[in-house]
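Working notes, structure below.
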Amino acid sequence: MSRPVVASYCTTFLKREMRHIHRQVSGLREVDTFVVTRSRENREDYPFDDVEILPRPRIFFLLRFYKKYLAGEEALFYRGESRQLAALFARRNPDLLHVYFGHTGVHLLPFLRTWATPSLVSFHGMDIMPRTEEPGYLDRLRELLQVLPMVLARSESLAARLVGLGCDPAKIRINRTGIPLETYPFVERSVPSDGAWHFIQASRLIEKKGLNNTLEAFAVFEKSHPGSRLTIAGDGPLLEPLRQLAAGLGIGGKVTFAGFQSQEELARLYASAHVFIHPSRVTQKQDQEGVPNSMLEAMATGLPVVATQHGGIPEAVTDGQDGLLTPENDSAALAGSLERMTSAPDRFRAFGVQAAQSVREKYEHSAAIRSLEGFYRELIDQKKL
């Protein structure tokens, strides 16, 4: 029996924050895949051999004008992208197309409407935003959910939002993020005798990560625990505003902005810390988390979590067992959770052990890959019937 071949489409392969995508495409064992992309970035961080880079279509201005304004063709056609994809897939003959991110699926909708080979789209969090600045986007997203035979969601909360947009629940499969546990081994931790608690948050420096709440909560905690410190790992557009906020709160000397970290560097940072913070929140544009990858990595090493009742976080963190969850955008409540977590040594240690166990039970990498490959085979087999 021949192995199924999946075309994995990701517009940019890969932005630095897309480590989880690389883990999926490089982790497949029973299914072969090749990547289709318009742009390749960070090759050293994310090596992969079989990548098809779509060339920039040649522009014939008069022909494009006619197709766009007179014939009324959609962008995928008048730009020539649909023709490129059809030629590529005729040459490679995949059994299935996996499109990463919902907004990319919306972009490819004109192609997906007519392509006979099975397709699915995976939703990860920010790609379920309404995008009110793009007229008609929400209607096209709803149509996409009707056209697709299968939809992947990284969490139950994202699946619920897809159902709210009209997706048939029977189409949805939960595609959990897999964590390579060998990279993030369990670390036995003890309560620091000198009160030198080390907190860490690892994330993109963007609004939905709640980083201002992290700084405000830590500023309250640090007043009664002057030996404590905070590390924020990651990069993003809010770096300078966050530096300024830390300085304004009087904690500039206690906060380290560590920048983007490799897996190995993150593992070392997690091993040096006591508690992981991740106070995600829904933004005004309705951007939300699935299940944060960094939180799962930290939990795998035995870090207890202080986070929010947001998105897919409660699916990974059970309040009162492996972490403490607070309402979104509530710095005072977050500070209270930091105090609760660190004031009871037995609870602190028990939460860390349970955090590591939870990730091993629900998010182990090879199990997540087997599940994904099962979804692929399910959809391919449906086509054969």
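Residue numbers start at 1 in each chain; chains themselves are named A, B, ... in the order of the structure tokens; ligands are numbered from 1 in the order shown.
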| request: Identify, on the basis of only C-alpha atoms, every residue whose closest approach to Gln357 (chain A) does not exceed 10 Å; exclude the query and any residue fewer than 3 positions from it along the same chain; express the result as an MDAnalysis selection string. | output: chainID A and resid 186 299:302 322 351:354 360:363
| query | Near region 374-382 of chain A, within 12 Å and counting only C-alpha atoms, which residues show up once chain neighbours fewer than 4 positions away are dropped, as a PyMOL selection string? | reply | chain A and resi 3-8+28-33+94-98+116-122+148-153+171-175+367-370
Can I get the residues of region 125-232 of chain A within 10 Å of region 330-340 of chain A, each with the closest pair of atoms and their distance in Å to one decimal, using only C-alpha atoms, sorted chain first then ascending number, as a Markdown table?
```
| residue | atom | partner | partner_atom | distance |
| --- | --- | --- | --- | --- |
| A:Phe199 | CA | A:Leu338 | CA | 9.2 |
| A:Gly210 | CA | A:Ser331 | CA | 9.3 |
| A:Asn212 | CA | A:Ser331 | CA | 8.3 |
| A:Asn213 | CA | A:Ser331 | CA | 4.8 |
| A:Thr214 | CA | A:Ser331 | CA | 7.1 |
| A:Leu215 | CA | A:Ser331 | CA | 8.5 |
| A:Glu216 | CA | A:Ser331 | CA | 6.0 |
| A:Ala217 | CA | A:Ala335 | CA | 4.3 |
| A:Phe218 | CA | A:Ala335 | CA | 6.5 |
| A:Ala219 | CA | A:Ala335 | CA | 8.4 |
| A:Val220 | CA | A:Ala335 | CA | 6.4 |
| A:Phe221 | CA | A:Ala335 | CA | 6.1 |
| A:Glu222 | CA | A:Ala335 | CA | 9.7 |
| A:Ser224 | CA | A:Glu339 | CA | 9.6 |
| A:His225 | CA | A:Glu339 | CA | 9.6 |
```
Create the file for the chosen residues now, containing N, CA and C atoms and written as a short mmCIF file (atom, residue, chain, number, x, y, z; two decimals), in the first residue's frame.
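The result, stored in again.cif:
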```
data_model
loop_
_atom_site.label_atom_id
_atom_site.label_comp_id
_atom_site.auth_asym_id
_atom_site.auth_seq_id
_atom_site.Cartn_x
_atom_site.Cartn_y
_atom_site.Cartn_z
N PHE A 199 10.22 34.20 37.74
CA PHE A 199 9.05 34.00 36.90
C PHE A 199 9.46 34.16 35.44
N GLY A 210 -1.14 39.64 26.95
CA GLY A 210 -1.36 40.22 28.27
C GLY A 210 -0.10 40.59 29.01
N ASN A 212 1.36 43.43 29.63
CA ASN A 212 1.26 44.52 30.59
C ASN A 212 0.71 44.02 31.92
N ASN A 213 -0.21 43.06 31.88
CA ASN A 213 -0.71 42.46 33.12
C ASN A 213 0.39 41.71 33.86
N THR A 214 1.25 41.02 33.10
CA THR A 214 2.39 40.33 33.72
C THR A 214 3.27 41.31 34.47
N LEU A 215 3.63 42.42 33.83
CA LEU A 215 4.50 43.41 34.46
C LEU A 215 3.83 44.06 35.66
N GLU A 216 2.56 44.39 35.53
CA GLU A 216 1.86 45.04 36.64
C GLU A 216 1.72 44.09 37.83
N ALA A 217 1.43 42.83 37.56
CA ALA A 217 1.30 41.85 38.65
C ALA A 217 2.66 41.61 39.32
N PHE A 218 3.71 41.50 38.51
CA PHE A 218 5.03 41.28 39.08
C PHE A 218 5.47 42.48 39.92
N ALA A 219 5.11 43.68 39.49
CA ALA A 219 5.48 44.88 40.26
C ALA A 219 4.86 44.84 41.65
N VAL A 220 3.63 44.34 41.77
CA VAL A 220 3.00 44.19 43.08
C VAL A 220 3.71 43.11 43.90
N PHE A 221 3.99 41.98 43.28
CA PHE A 221 4.64 40.87 43.98
C PHE A 221 6.04 41.27 44.45
N GLU A 222 6.78 41.98 43.62
CA GLU A 222 8.17 42.31 43.91
C GLU A 222 8.31 43.23 45.13
N SER A 224 6.91 42.96 47.99
CA SER A 224 7.05 42.16 49.20
C SER A 224 8.05 41.03 49.03
N HIS A 225 8.59 40.86 47.83
CA HIS A 225 9.59 39.83 47.56
C HIS A 225 10.70 40.47 46.71
#
```
| request: Kindly give the distance, in Å, that separates CA of Ala196 (chain A) and CA of Pro304 (chain A), rounded to a single decimal. | output: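 Taking CA of Ala196 (chain A) and CA of Pro304 (chain A), their separation equals 16.3 Å.
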Would you please extract all strand (DSSP E or B) residues from region 123-359 of chain A, as assigned by DSSP on the backbone, and give them as an mmCIF file with N, CA and C atoms, in the first residue's frame?
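What ended up in states08.cif:
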```
data_model
loop_
_atom_site.group_PDB
_atom_site.id
_atom_site.type_symbol
_atom_site.label_atom_id
_atom_site.label_comp_id
_atom_site.auth_asym_id
_atom_site.auth_seq_id
_atom_site.Cartn_x
_atom_site.Cartn_y
_atom_site.Cartn_z
ATOM 1 N N PHE A 123 -7.029 25.778 11.969
ATOM 2 C CA PHE A 123 -7.173 27.075 12.622
ATOM 3 C C PHE A 123 -6.374 27.064 13.923
ATOM 4 N N MET A 150 -13.356 18.849 6.008
ATOM 5 C CA MET A 150 -12.805 18.675 7.354
ATOM 6 C C MET A 150 -12.092 19.952 7.768
ATOM 7 N N VAL A 151 -12.209 20.283 9.046
ATOM 8 C CA VAL A 151 -11.578 21.472 9.612
ATOM 9 C C VAL A 151 -10.851 21.058 10.890
ATOM 10 N N LEU A 152 -9.621 21.530 11.060
ATOM 11 C CA LEU A 152 -8.850 21.249 12.274
ATOM 12 C C LEU A 152 -8.818 22.486 13.158
ATOM 13 N N ALA A 153 -8.969 22.290 14.464
ATOM 14 C CA ALA A 153 -8.881 23.375 15.436
ATOM 15 C C ALA A 153 -7.931 22.954 16.542
ATOM 16 N N ILE A 172 -15.357 18.990 12.382
ATOM 17 C CA ILE A 172 -14.237 19.528 13.149
ATOM 18 C C ILE A 172 -13.493 18.418 13.879
ATOM 19 N N ARG A 173 -12.164 18.481 13.798
ATOM 20 C CA ARG A 173 -11.294 17.589 14.558
ATOM 21 C C ARG A 173 -10.341 18.451 15.394
ATOM 22 N N ILE A 174 -10.067 18.023 16.599
ATOM 23 C CA ILE A 174 -9.141 18.759 17.472
ATOM 24 C C ILE A 174 -7.717 18.311 17.161
ATOM 25 N N ILE A 179 4.267 18.374 21.855
ATOM 26 C CA ILE A 179 5.480 18.896 22.495
ATOM 27 C C ILE A 179 6.540 17.798 22.527
ATOM 28 N N HIS A 198 11.855 33.202 40.511
ATOM 29 C CA HIS A 198 12.105 33.553 39.109
ATOM 30 C C HIS A 198 10.866 33.189 38.288
ATOM 31 N N PHE A 199 10.220 34.199 37.741
ATOM 32 C CA PHE A 199 9.051 34.003 36.897
ATOM 33 C C PHE A 199 9.462 34.160 35.438
ATOM 34 N N ILE A 200 8.727 33.482 34.568
ATOM 35 C CA ILE A 200 9.035 33.585 33.142
ATOM 36 C C ILE A 200 7.749 33.619 32.326
ATOM 37 N N GLN A 201 7.754 34.425 31.283
ATOM 38 C CA GLN A 201 6.737 34.362 30.242
ATOM 39 C C GLN A 201 7.469 34.285 28.916
ATOM 40 N N ALA A 202 7.045 33.386 28.042
ATOM 41 C CA ALA A 202 7.640 33.244 26.713
ATOM 42 C C ALA A 202 6.522 33.362 25.687
ATOM 43 N N ARG A 229 12.587 38.019 40.373
ATOM 44 C CA ARG A 229 12.889 38.572 39.054
ATOM 45 C C ARG A 229 11.981 37.942 38.010
ATOM 46 N N LEU A 230 11.906 38.601 36.860
ATOM 47 C CA LEU A 230 11.023 38.179 35.777
ATOM 48 C C LEU A 230 11.800 38.166 34.470
ATOM 49 N N THR A 231 11.649 37.091 33.707
ATOM 50 C CA THR A 231 12.213 37.013 32.362
ATOM 51 C C THR A 231 11.071 36.942 31.358
ATOM 52 N N ILE A 232 11.140 37.798 30.341
ATOM 53 C CA ILE A 232 10.186 37.761 29.235
ATOM 54 C C ILE A 232 10.964 37.388 27.983
ATOM 55 N N ALA A 233 10.679 36.212 27.447
ATOM 56 C CA ALA A 233 11.378 35.711 26.256
ATOM 57 C C ALA A 233 10.470 35.859 25.048
ATOM 58 N N GLY A 234 11.022 36.399 23.967
ATOM 59 C CA GLY A 234 10.250 36.584 22.748
ATOM 60 C C GLY A 234 10.488 37.959 22.171
ATOM 61 N N VAL A 255 13.526 42.999 35.478
ATOM 62 C CA VAL A 255 12.911 42.342 34.319
ATOM 63 C C VAL A 255 13.945 42.207 33.206
ATOM 64 N N THR A 256 14.111 41.011 32.690
ATOM 65 C CA THR A 256 15.003 40.756 31.562
ATOM 66 C C THR A 256 14.162 40.456 30.328
ATOM 67 N N PHE A 257 14.376 41.225 29.263
ATOM 68 C CA PHE A 257 13.758 40.943 27.975
ATOM 69 C C PHE A 257 14.776 40.144 27.167
ATOM 70 N N ALA A 258 14.549 38.846 27.092
ATOM 71 C CA ALA A 258 15.568 37.927 26.580
ATOM 72 C C ALA A 258 15.546 37.768 25.062
ATOM 73 N N GLY A 259 14.518 38.290 24.381
ATOM 74 C CA GLY A 259 14.445 38.146 22.932
ATOM 75 C C GLY A 259 14.012 36.742 22.519
ATOM 76 N N VAL A 275 8.001 29.614 38.152
ATOM 77 C CA VAL A 275 6.586 29.731 37.775
ATOM 78 C C VAL A 275 6.503 30.320 36.375
ATOM 79 N N PHE A 276 5.576 29.792 35.559
ATOM 80 C CA PHE A 276 5.327 30.316 34.216
ATOM 81 C C PHE A 276 4.063 31.179 34.248
ATOM 82 N N ILE A 277 4.147 32.359 33.630
ATOM 83 C CA ILE A 277 3.013 33.298 33.585
ATOM 84 C C ILE A 277 2.543 33.424 32.142
ATOM 85 N N HIS A 278 1.211 33.433 31.950
ATOM 86 C CA HIS A 278 0.695 33.626 30.586
ATOM 87 C C HIS A 278 -0.742 34.163 30.640
ATOM 88 N N VAL A 305 1.714 26.925 36.473
ATOM 89 C CA VAL A 305 1.279 28.024 35.609
ATOM 90 C C VAL A 305 0.368 28.977 36.366
ATOM 91 N N VAL A 306 0.573 30.262 36.130
ATOM 92 C CA VAL A 306 -0.376 31.300 36.522
ATOM 93 C C VAL A 306 -0.838 31.953 35.223
ATOM 94 N N ALA A 307 -2.118 31.813 34.904
ATOM 95 C CA ALA A 307 -2.605 32.264 33.607
ATOM 96 C C ALA A 307 -4.051 32.736 33.745
ATOM 97 N N THR A 308 -4.739 32.839 32.603
ATOM 98 C CA THR A 308 -6.102 33.365 32.584
ATOM 99 C C THR A 308 -7.080 32.329 32.053
ATOM 100 N N ASP A 319 -7.424 24.567 36.899
ATOM 101 C CA ASP A 319 -7.282 25.496 38.009
ATOM 102 C C ASP A 319 -7.289 24.747 39.338
ATOM 103 N N GLY A 323 -2.089 24.651 38.077
ATOM 104 C CA GLY A 323 -1.925 26.087 37.906
ATOM 105 C C GLY A 323 -3.069 26.841 38.544
ATOM 106 N N LEU A 324 -3.000 28.151 38.428
ATOM 107 C CA LEU A 324 -4.043 29.037 38.934
ATOM 108 C C LEU A 324 -4.500 29.933 37.795
ATOM 109 N N LEU A 325 -5.804 30.005 37.577
ATOM 110 C CA LEU A 325 -6.365 30.779 36.483
ATOM 111 C C LEU A 325 -7.175 31.948 37.028
ATOM 112 N N THR A 326 -6.988 33.104 36.412
ATOM 113 C CA THR A 326 -7.676 34.320 36.821
ATOM 114 C C THR A 326 -8.497 34.855 35.649
#
```
| task | State, in Å with one decimal place, the distance from CA of Pro279 (chain A) to CA of Arg204 (chain A). | result | 12.6 Å
| query | Between A:Trp197, A:Gln284, A:Leu112, A:Pro130, which is the closest to Thr342 (chain A) once you count only C-alpha atoms? | reply |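 Of all the options, A:Trp197 lies closest to Thr342 (chain A).
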| task | Apply DSSP to the backbone of this structure and, from region 132-251 of chain A, keep only the residues in helix (DSSP H, G or I); write these as a PyMOL selection string. | result | chain A and resi 137-147+156-164+169-171+207-209+211-224+239-248
| Near Gly27 (chain A), within 9 Å and counting only C-alpha atoms, which residues show up once chain neighbours fewer than 2 positions away are dropped, as a ChimeraX atom specification? | /A:22-25,29,365-366,369
Hey, can you spit out that residue selection with C-alpha atoms as a PDB file, in the first residue's frame?
```
ATOM      1  CA  HIS A  22       7.655  22.874  11.620  1.00  0.00           C
ATOM      2  CA  ARG A  23       7.122  20.245  14.299  1.00  0.00           C
ATOM      3  CA  GLN A  24       4.068  18.988  12.436  1.00  0.00           C
ATOM      4  CA  VAL A  25       5.428  18.828   8.893  1.00  0.00           C
ATOM      5  CA  ARG A  29       6.006   9.328   9.982  1.00  0.00           C
ATOM      6  CA  HIS A 365       4.502  14.957  20.202  1.00  0.00           C
ATOM      7  CA  SER A 366       4.373  11.486  18.637  1.00  0.00           C
ATOM      8  CA  ILE A 369       1.413  13.310  14.993  1.00  0.00           C
TER       9      ILE A 369
END
```
